[in-house]
Every structure is written in structure tokens, then in C-alpha cells.
Amino acid sequence: MKTITTTEALADYCKRAASFPYVTVDTEFLRERTYYSKLCLVQLAVPGKDDTEDAVLVDPLVEGLSLEPLYELFRDEGVVKVFHAARQDLEIFWVEAGVFPVPLFDTQVAAMVAGFGDQVGYETLVRKVCRASLDKSSRFTDWSRRPLTDAQKKYAIGDVTYLREIYEFLKAELDKSGREKWVREELSVLTDPSTYDISPREAWRRVKTRTNSGRFLSVVRELAAFREDYAQTRNIPRSRVYKDDALMELASTKPKDLAELGRSRLLLREARKGEIADGILAAVQAGLACPQDDLPQVESDGRDKLQVNPALADLLRVLLKARCEEAGVAQKLVASAADLDMLAAGRKDVPAVKGWRAEVFGKDALRLCKGELALGVKGSSVRVIVV
């Protein structure tokens with residue numbers, strides 16, 4: 001198999017790839033020791049059987065190699081860029097170059113629409129569609145080490161060669177069912193910059209807390225913002241600054257000086273001194289000094305106060321499962337368990353039903369409060385419908 005190590009060779013391959021209707025793409029990366037993923041390998045394949053030319057590995061760690069020819073291919077709207085479970089790959093390209101591959105096709109999303117279940121894995125699709133198996137021994141190797149072994153190269157190239165057959169199969173299935181629009185709807189989130197742009201000021205929302213106290217949350221917000229900014233600036237994992245359990249401890253104890261900070265049970269030794277310690281103390285004080293009208297609040301959709309009818313919720317789950325199996329679509333794309341609980345409590349402002357015209361789908365409609373609930377196919381989509 002061919003490994004590209006120069007910008008010129010990459011440009012030649014991408015120019016050739018631009019003449020095909022699609023190109024399959026995958027990456028190998030490391031993130032254990034950094035905040036941002038470190039891109040270690042890019043795999044590309046165009047339609048064809050000669051994998052010495054049609055499928056290549058690109059080594060971005062080679063000094064002097066520029067990925068700009070690849071980014072130009074990503075911008076070419078005449079070539080479909082095919083990934084499997086693309087989110088982490090897209091984040092790398094967005095952070096590295098501010099570019100999204102367009103148009104995008106994600107075989108994991110397409111497989112969910114085509115009846116393969118929720119978040120189907122690549123190995124499953126290789127087995128079911130290609131009637132082949134993958135050698136998984138190189139999955140968790142260190143992709144930043146050079147030279148790559150033959151086993152690593154074989155594993156990596158398999159992530160794009162089988163993907164060609166999977167894409168062609170799923171594309172044909174979507175063309176027959178008329179469901180390609182569903183895939184585009186789901187992929188719109190993956191090509192939205194806000195999906196990957198993490199604001200330190202909003203980082204506190206990912207921290208699980210058991211209180212709605214505005215003052216406590218204010219301290220959590222400041223501690224999370226400092227940690228996020230520190231980790232981003234130095235490109236280190238958040239956990240290298242302090243973990244969530246230590247953050248919660250600090251928000252509870254609210255240390256005022258280094259002596260009090262030193263009594264923390266969960267804080268790493270490196271965080272008890274220097275810049276991190278100073279940042280923690282400043283964050284705690286900023287949280288305590290936050291004006292009353294600027295205190296953070298946990299946004300609630302009222303689910304915690306729902307009076308859910310358990311029997312009705314169970315019936316809705318059965319109905320959802322039955323209709324999704326009948327329609328050949330993953331349940332996750334239709335409604336979540338939380339959506340069904342809200343419906344079973346009589347709520348109609350449910351994310352899964354917003355913006356959809358009321359329509360009842362035959363005898364499977366279920367009486368719900370003053371309306372009716374139905375799960376089924378409407379036009380080009382499958383959704384929960386409340387009448």
C-alpha cells in the first residue's frame with residue numbers, strides 16, 4: 001500500500017480523487033495527552049480495486065507535508081466525502097484548518113436510517129455488508145510512533161477500502177427508500193461550527209452537580225472556565241489540571257488561600273502551587289463575588305417535575321420500537337426515552353414533535369390526555385406526532 005509523504009504527491013492524489021463521485025476518508029489520532037486531538041494518519045480511497053493506487057495513507061507527521069491539497073478536495077462540492085462516525089474526524093479538520101468536508105456522508109448515520117440499529121459500528125457493517133472481518137489488533141496502538149508496522153497500515157487502510165462498498169450499498173438503499181433527506185438533517189449538526197467550538201465560560205454546563213444553588217454554580221462556572229482556558233492554552237487534557245470530582249470539592253470548600261487549598265483530598269499535587277493554584281483561588285473568589293443578577297441557573301425543561309404515567313410510558317416505548325422496526329429506522333432518530341416520558345406526562349412541547357403537522361397513522365394511534373399520539377412515517381421523515 002502507498003504512503004504519501006510529500007505535498008506534491010498528496011496534491012496529485014487529490015487531483016485524481018476530484019474526478020470521482022466520492023472519496024472515503026478516515027483518520028488515526030491521539031488525544032490521551034493533549035486537549036486537542038493530534039492527527040497522526042489520514043486514510044483515503046477512491047472507487048476502484050487497485051489498492052496500490054486507489055487507496056493511500058497520508059502521513060501528516062512528516063516534516064514539510066501540507067494538508068492543503070486535502071482541504072481543497074474537502075471544499076470541492078462535486079465529490080462526496082464519506083466517513084464512518086465522522087464527529088471526531090471533523091473536529092480535527094475544523095480545529096486544524098477551519099474546514100468541513102462537503103458534501104458529507106456518514107455511514108453510521110445512514111445505517112441508522114437504513115435499519116441497522118442505533119450507532120452501528122464499522123466492524124458490524126463490514127461483516128454484514130462486505131461479508132468480511134477486520135483485524136482489530138492494531139486499534140489501540142500508538143499512531144504517533146514511526147515507522148508504522150505493516151499490521152498498522154493494513155488495519156488503517158481497511159477503514160477506507162471496505163467503506164467504499166458500504167457507502168455504495170447504503171446510498172442505493174437510501175435512493176430506494178427516499179430517505180437521503182433524513183441523513184442530511186442529522187448531518188447538519190456535524191457541520192455546525194458550534195458543535196466543536198467550546199467556550200470556557202460555558203464549560204460548567206458539562207459538570208454534573210446535585211444542586212441548583214446559584215452561588216454554588218457560580219463558583220463551579222469560574223472553576224470550570226479557568227480549567228478549560230488553561231487546558232486549551234497549553235493543549236493538555238482537562239484532567240491534568242483537575243478532575244471533575246476535585247472541581248466539585250473546591251466549589252464546596254471554597255478555599256481562600258494556599259493553606260486551605262492544600263487540605264483538598266482530590267486535587268493533584270501539581271495543582272496546589274503555581275499558576276493552577278493561583279487560578280483556583282481567583283476563580284473561587286470571582287464566583288463568590290458574582291452579582292446576584294449574573295448567577296448561573298440550570299435550565300430546566302420541567303422533566304424533573306413530570307408526573308409520568310409509568311404504564312403509558314412503557315406502552316409508548318413498545319409502540320416506538322414496533323413502528324421503528326416496521327419502518328426500518330433506528331429508534332434514536334425518532335424519539336428519546338425522555339421524549340416519551342414527557343409525552344406520557346401530557347406534555348406536548350417535546351423536541352421530537354416540534355414543528356411537525358399533526359397527523360395520525362392508522363390504528364396504532366394511542367390516546368394521550370386530550371390528544372392522540374402516533375409514531376409513523378410522514379412524508380420523508382419518521383417522527384413522533386401529537387394531535
# chains A, B, ... in the order shown; residues from 1 in each chain; ligands from 1
$ residues_around --residues "A:Glu165" --least-positions-apart "3" --cutoff "9 Å" --atoms "only C-alpha atoms" --output "PyMOL selection string"
chain A and resi 47+126+129-130+161-162+168-170
$ closest_atom_pairs --of "stretch 98-118 of chain A" --to "stretch 13-30 of chain A" --cutoff "12 Å" --atoms "only C-alpha atoms" --output "CSV"
residue,atom,partner,partner_atom,distance
A:Pro101,CA,A:Val25,CA,9.8
A:Val102,CA,A:Tyr22,CA,10.7
A:Pro103,CA,A:Tyr22,CA,9.5
A:Leu104,CA,A:Tyr22,CA,9.7
A:Phe105,CA,A:Thr24,CA,9.3
A:Asp106,CA,A:Thr24,CA,10.0
A:Thr107,CA,A:Thr24,CA,10.3
$ atom_distance --atom1 "atom CA of A:Glu260" --atom2 "atom CA of A:Phe216"
17.9 Å
$ closest_residue --among "A:Gly121, A:Gly178, A:Gly279, A:Gly287" --to "A:Ser218" --atoms "only C-alpha atoms"
A:Gly287
$ residues_around --residues "stretch 266-270 of chain A" --least-positions-apart "4" --cutoff "9 Å" --atoms "only C-alpha atoms" --output "list of chain:residue names"
A:Arg240, A:Val241, A:Tyr242, A:Lys243, A:Asp245, A:Ala246, A:Leu247, A:Glu249, A:Leu250, A:Leu261, A:Gly262, A:Gly274, A:Ile276, A:Ala277
